[in-house]
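Participant: Here's a structure for you.
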Amino acid sequence: MILVVLTYWPVFTSAKLPGGDLSDTVSQGYPFFNFTEETVQNGRLPHWNPYIFCGIPFYSSFSAPVFYPVRGLLLLTAGTGGVARFLFPIHMLFGGIFAWLFLRSIGVSKWGRIVGALAFACTSWSNTLFYAGHASKIICWSFLPLLLYSCEKWMQTRRGKFIAIGGLALGMQALASHPQMILYSSGAVLIWLGFRTFSSSGSWKTNTLKALMGFSIIVLFAVAIGAVQLLPGYNFSRYSTRGDGLSFDQAASYSLPPEETLTMLFPKLFGYRHGFPGSTISGVPLYYGRLGLRLSSEFVGISVFLLALAGFIWAQKKYRWPLLTIMAVGLLVSWGGYTPLFGILYRIFPFFRKLRAPHMAAFLTTAAIALTAGPGFDVLFVRKKLNGKKFLFGIAAFSGVCVLVYLLAGVLLPGLQSGWWSRMGNASATGYSFVVQRRVDMAAPDFLKAAGAAFVICGLLYFRKQLRERYAIPGIIITALLAIELIPVDRDFQIYLPHTDVNELFVAPADLPEMTSAGRLLPGGNDFIPFGIRSVMGYHAAKPAVAEDLQMIISSGGLAALRHTAFTVFQGQDGYLSYGEFRSSLISQTRESDPLYADTLEAFLPETPLPRTWFAESWVELPENRCMSLLASGLDPQKLTVIYSEIELPEYMDVSQAEVTIVTDEAERVVIHTDNPGDGLLVLADLWYPRWHVRIDGDPVPMLQANHWQRAVVVPLGIHEVEFNFDSSDVTLGLIISMIGILAVILMIAFELVSQKRREHPYEG
């Protein structure tokens, strides 16, 4: 708790909100959780977000994980700002507690547990995610030691309560809603159980059966507990941009360049990316690595690394080998497309074709190193049977090399940047010597600090015989050392905004909602969500494939394709223009350079924006590729709507007498009043998604996919009420399963505790 307070002191002493101009906290976290908070306060879940991409599935896309208990309680009690500020320190504490439990289960001494637990809690991988706002990652990270603890205790005792605890831990990861982290954690569990199958007492056949049974029940419990998030998430994934799998290049994007593994020891060796104070000079970013998007640090500290190294070499085989394997697997996966291994994984395992950013697997590496620091402490200072002279000399040599690099930094480090200059098209680096020098000034002190930390460890080893059994002395010194090493790096990533209220972050003209009316803002974005303004564009890592297709259509189809989105206001550098003003301005500017084309544009482009709903004059059934081509070429969907299924309607309708009015416009419910002289095709220019259903006068009817991304329905002649409703029954079903799963875990733990009490006190009662 002391180190949590020291690390996150600004959180507890300042009301400022965390985040930076380039962080996901600002661009996605605050708008999304603000929308979630308002929706939950109104007594419902945010199943659909109508404010970006012409509408998008929200809860099922893992955007509102409010059923994770800590996050949900923080949202209800402290609001969106409270979630952003306090989720990280709370889970830093959780991570330390769970690491303590795990290290105790493998027999680490008290001071070894203290060192290992604090090393895990302070590791920069998790705490530096504070800037990016990737809270789901730190939640999953914090539960990893509890998962390993449950597996170890299961293999030792075969008691069901430990399986239940493992299911609860993995279930919390599921509710935290980061599928990639869940898969990596499950891989760590498999590695641990696999090794313990052969190192536990008893026959390997019995142990194999026990390990498989334990893993299966853990996963079963986890799926049940997380069903309220996993079931709708699975349904969403089938229609998302990753439903058919990513290309290899997409899956390998944001891989960790192997050379940047050195940042585990020297955090500023490649510089921090722009977005951090002092990370640019004259507009040139001081980060020169190949990752291109470094929002966190893998720094584990020299003291932690050296202790872990001793643990990997001399700790008990039955524990060091699984930890070493978890470390190595995490490292190899995190390197992603930079090694042939990832190509093999991509071809063999389907889930690798649905994930990107293999860099995330580095949390397994940093976690394994931090946890192994506990056994490493015991090896060096508790067991004392080790002849540590060679290790001592090795640390001394490492310290000497670091000092030498520091002294020669001006000569050695610039040479590392030649590849970066070549990629920037300036291999000779002409005119950038001041940038090189600034990078040297950033990186060089890391080597001096590393030499100092190694020297302290060296001194403790040299005098360990004099310490006798006073383990507290090296424990306290190493604890202080790792805090001194890690907390400043953690603090580097604690960027704060000048604002103290989420509502202060986003500013829009007071009349903009009225200007957009029932239409949309083009391009718009996430920052307009708090104002209830619909946008054509936005920022979201997970979206339906049709939303991606919509972006492609409007980027390649010009103004006519932009009109398909029913935008009524254009957002430009000089302000906001109504559709009519934008059309006039565009034609006027075009006339100056190409009068003939301006005449064509004026005749071709309708004077009014596309309404959100209308009856189509005519319709045609075409395959998807032809539909996409027509949309991009400037098809007017009011005159001709393309559908993908056959309907029994005349090919033309006189729409001059048809009346269409949206009478209810809610996130998950849109009601349209129609009065049409004949059977017709009603189109709603909101994103198509199969969980939307339609009723006409209360009777269910089929919903059609129109113009590739819009919704449509056949409406008979006369006056009718057409109601579009979002089907969230999968969330309801998932919630029931989650409640059953949690109840099963509680009952299993309670039954085990009662049985244990009866065994220990058979004559009571």
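Ligands are numbered from 1 in the order shown, chains are lettered A, B, ... in the order of the structure tokens, and residues start at 1 in each chain.
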Which polymer residues have any atom within 9 Å of an atom of region 28-34 of chain A, counting only C-alpha atoms, with same-chain residues fewer than 2 positions away left out, as a PyMOL selection string?

Facilitator: chain A and resi 23-26+36-39+58+63-64+75+79-81+83-84+133-134+502-503+505-506+526-530+539-540

Participant: Please identify the helix (DSSP H, G or I) residues within region 195-303 of chain A (assignment by DSSP from backbone atoms) and present them as number ranges by chain.

Facilitator: A: 195-199, 204-225, 227-237, 248-251, 258-264, 302-303

Participant: A:Ile182, A:Leu3, A:Val411, A:Val115: which is nearest Ile477 (chain A), counting only C-alpha atoms?

Facilitator: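 Among the listed residues, A:Val115 lies closest to Ile477 (chain A).
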
Participant: Measuring atom to atom with only C-alpha atoms, identify which of A:Met703, A:Val489, A:Ile533, A:Leu74 is nearest to Asn49 (chain A).

Facilitator: A:Ile533

Participant: Taking only C-alpha atoms into account, name the residue in A:Lys16, A:Phe195, A:Ala370, A:Thr241 that is nearest to Ala119 (chain A).

Facilitator: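 Selected residue with least distance to Ala119 (chain A): A:Ala370.
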
Participant: Env of region 325-341 of chain A: 7 Å cut, atoms = only C-alpha atoms, seq-sep filter 6 positions within chain, self excluded. Answer as a list of chain:residue names.

Facilitator: A:Ala188, A:Ile191, A:Ala252, A:Ser255, A:Leu256, A:Pro257, A:Pro258, A:Pro358, A:His359, A:Met360, A:Ala361, A:Ala362, A:Leu364, A:Thr365, A:Ala368, A:Ile369

Participant: Could you save those same residues with N, CA and C atoms as a CSV table (one decimal), in the first residue's frame?

Facilitator:
chain,number,residue,atom,x,y,z
A,188,ALA,N,-0.4,-19.2,-20.1
A,188,ALA,CA,0.5,-19.3,-18.9
A,188,ALA,C,0.0,-20.4,-18.0
A,191,ILE,N,1.0,-23.8,-19.4
A,191,ILE,CA,2.5,-24.0,-19.2
A,191,ILE,C,2.7,-24.4,-17.8
A,252,ALA,N,0.2,-9.1,-37.3
A,252,ALA,CA,1.6,-8.8,-36.8
A,252,ALA,C,1.8,-7.3,-36.5
A,255,SER,N,4.0,-5.3,-33.4
A,255,SER,CA,4.9,-6.3,-32.7
A,255,SER,C,6.0,-5.5,-32.0
A,256,LEU,N,6.6,-6.2,-31.0
A,256,LEU,CA,7.7,-5.6,-30.3
A,256,LEU,C,9.0,-5.9,-31.0
A,257,PRO,N,9.7,-4.9,-31.6
A,257,PRO,CA,11.0,-5.2,-32.2
A,257,PRO,C,11.9,-5.8,-31.2
A,258,PRO,N,12.6,-6.9,-31.6
A,258,PRO,CA,13.5,-7.6,-30.7
A,258,PRO,C,14.5,-6.8,-30.0
A,358,PRO,N,0.8,-8.2,-31.1
A,358,PRO,CA,1.4,-9.3,-30.3
A,358,PRO,C,2.3,-8.7,-29.2
A,359,HIS,N,2.6,-7.4,-29.3
A,359,HIS,CA,3.4,-6.8,-28.3
A,359,HIS,C,2.9,-7.0,-26.9
A,360,MET,N,1.5,-7.1,-26.8
A,360,MET,CA,0.9,-7.3,-25.5
A,360,MET,C,1.4,-8.5,-24.7
A,361,ALA,N,1.8,-9.5,-25.4
A,361,ALA,CA,2.3,-10.8,-24.7
A,361,ALA,C,3.5,-10.5,-23.9
A,362,ALA,N,4.1,-9.3,-24.0
A,362,ALA,CA,5.3,-9.0,-23.2
A,362,ALA,C,4.9,-8.9,-21.7
A,364,LEU,N,3.5,-11.3,-20.1
A,364,LEU,CA,3.9,-12.5,-19.5
A,364,LEU,C,5.4,-12.5,-19.2
A,365,THR,N,6.2,-11.9,-20.0
A,365,THR,CA,7.6,-11.8,-19.8
A,365,THR,C,8.0,-11.0,-18.5
A,368,ALA,N,6.7,-12.8,-15.4
A,368,ALA,CA,7.5,-14.0,-15.0
A,368,ALA,C,8.8,-13.5,-14.4
A,369,ILE,N,9.4,-12.5,-14.9
A,369,ILE,CA,10.7,-12.0,-14.4
A,369,ILE,C,10.4,-11.4,-12.9

Participant: Using only C-alpha atoms, determine which residues lie at most 10 Å from Thr732 (chain A), disregarding the query and same-chain residues fewer than 6 positions distant; provide the list as a list of chain:residue names.

Facilitator: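 Listing them by chain and then by number gives A:Ala227, A:Val228, A:Leu231, A:Pro232, A:Ser738.
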
Participant: Using only C-alpha atoms, can you tell me which of A:Phe567, A:Phe94, A:Tyr131, A:Phe221 comes closest to Gly741 (chain A)?

Facilitator: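 Closest to Gly741 (chain A), using only C-alpha atoms: A:Phe221.
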
Participant: From the DSSP assignment of the backbone, select every residue of region 477-674 of chain A that is strand (DSSP E), and format the answer as a PyMOL selection string.

Facilitator: chain A and resi 520-522+567-572+575-578+613-615+618-621+640-643+659-665+669-674

Participant: Take the residues just selected and output them with C-alpha atoms as a compact mmCIF listing (two decimals), in the first residue's frame.

Facilitator:
# COMPACT_ATOMS: atom_id res chain seq x y z
CA ARG A 520 -25.06 13.67 -38.72
CA LEU A 521 -21.82 15.58 -38.40
CA LEU A 522 -19.13 14.82 -40.99
CA PHE A 567 -24.79 14.15 -42.88
CA THR A 568 -26.29 17.59 -42.37
CA VAL A 569 -23.25 19.49 -41.08
CA PHE A 570 -19.69 19.50 -42.38
CA GLN A 571 -16.89 19.97 -39.86
CA GLY A 572 -13.97 21.87 -41.40
CA GLY A 575 -15.86 25.88 -38.54
CA TYR A 576 -19.14 24.12 -39.25
CA LEU A 577 -21.11 24.38 -42.48
CA SER A 578 -24.61 23.15 -43.16
CA THR A 613 -35.24 7.62 -43.47
CA TRP A 614 -37.15 7.55 -46.76
CA PHE A 615 -39.09 5.41 -49.22
CA SER A 618 -36.80 1.97 -57.04
CA TRP A 619 -34.71 -0.98 -55.94
CA VAL A 620 -32.57 -3.68 -57.40
CA GLU A 621 -31.05 -6.91 -56.09
CA LEU A 640 -32.18 3.51 -56.43
CA THR A 641 -31.62 1.32 -53.38
CA VAL A 642 -29.58 -1.87 -53.66
CA ILE A 643 -30.62 -4.89 -51.61
CA GLU A 659 -44.83 10.57 -45.63
CA VAL A 660 -42.11 9.36 -43.27
CA THR A 661 -41.52 10.73 -39.78
CA ILE A 662 -39.23 9.53 -36.99
CA VAL A 663 -41.38 9.78 -33.85
CA THR A 664 -39.07 7.98 -31.39
CA ASP A 665 -35.31 8.19 -31.75
CA ARG A 669 -35.29 1.88 -30.44
CA VAL A 670 -36.33 3.89 -33.48
CA VAL A 671 -40.03 4.30 -34.30
CA ILE A 672 -41.07 5.64 -37.72
CA HIS A 673 -44.57 6.75 -38.69
CA THR A 674 -45.32 6.05 -42.36

Participant: Could you check the closest approach to Lys543 (chain A) for each of A:Thr128, A:Gln229, A:Ser237, A:Ser200 and tell me which residue wins, using only C-alpha atoms?

Facilitator: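 The answer is A:Ser237, which sits nearest to Lys543 (chain A).
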
Participant: So which residues touch Met213 (chain A) within 12 Å, counting only C-alpha atoms, skipping near sequence neighbours fewer than 3 positions away, as an MDAnalysis selection string?

Facilitator: chainID A and resid 151 154:155 158 160 163 190 193 197 206:210 216:220
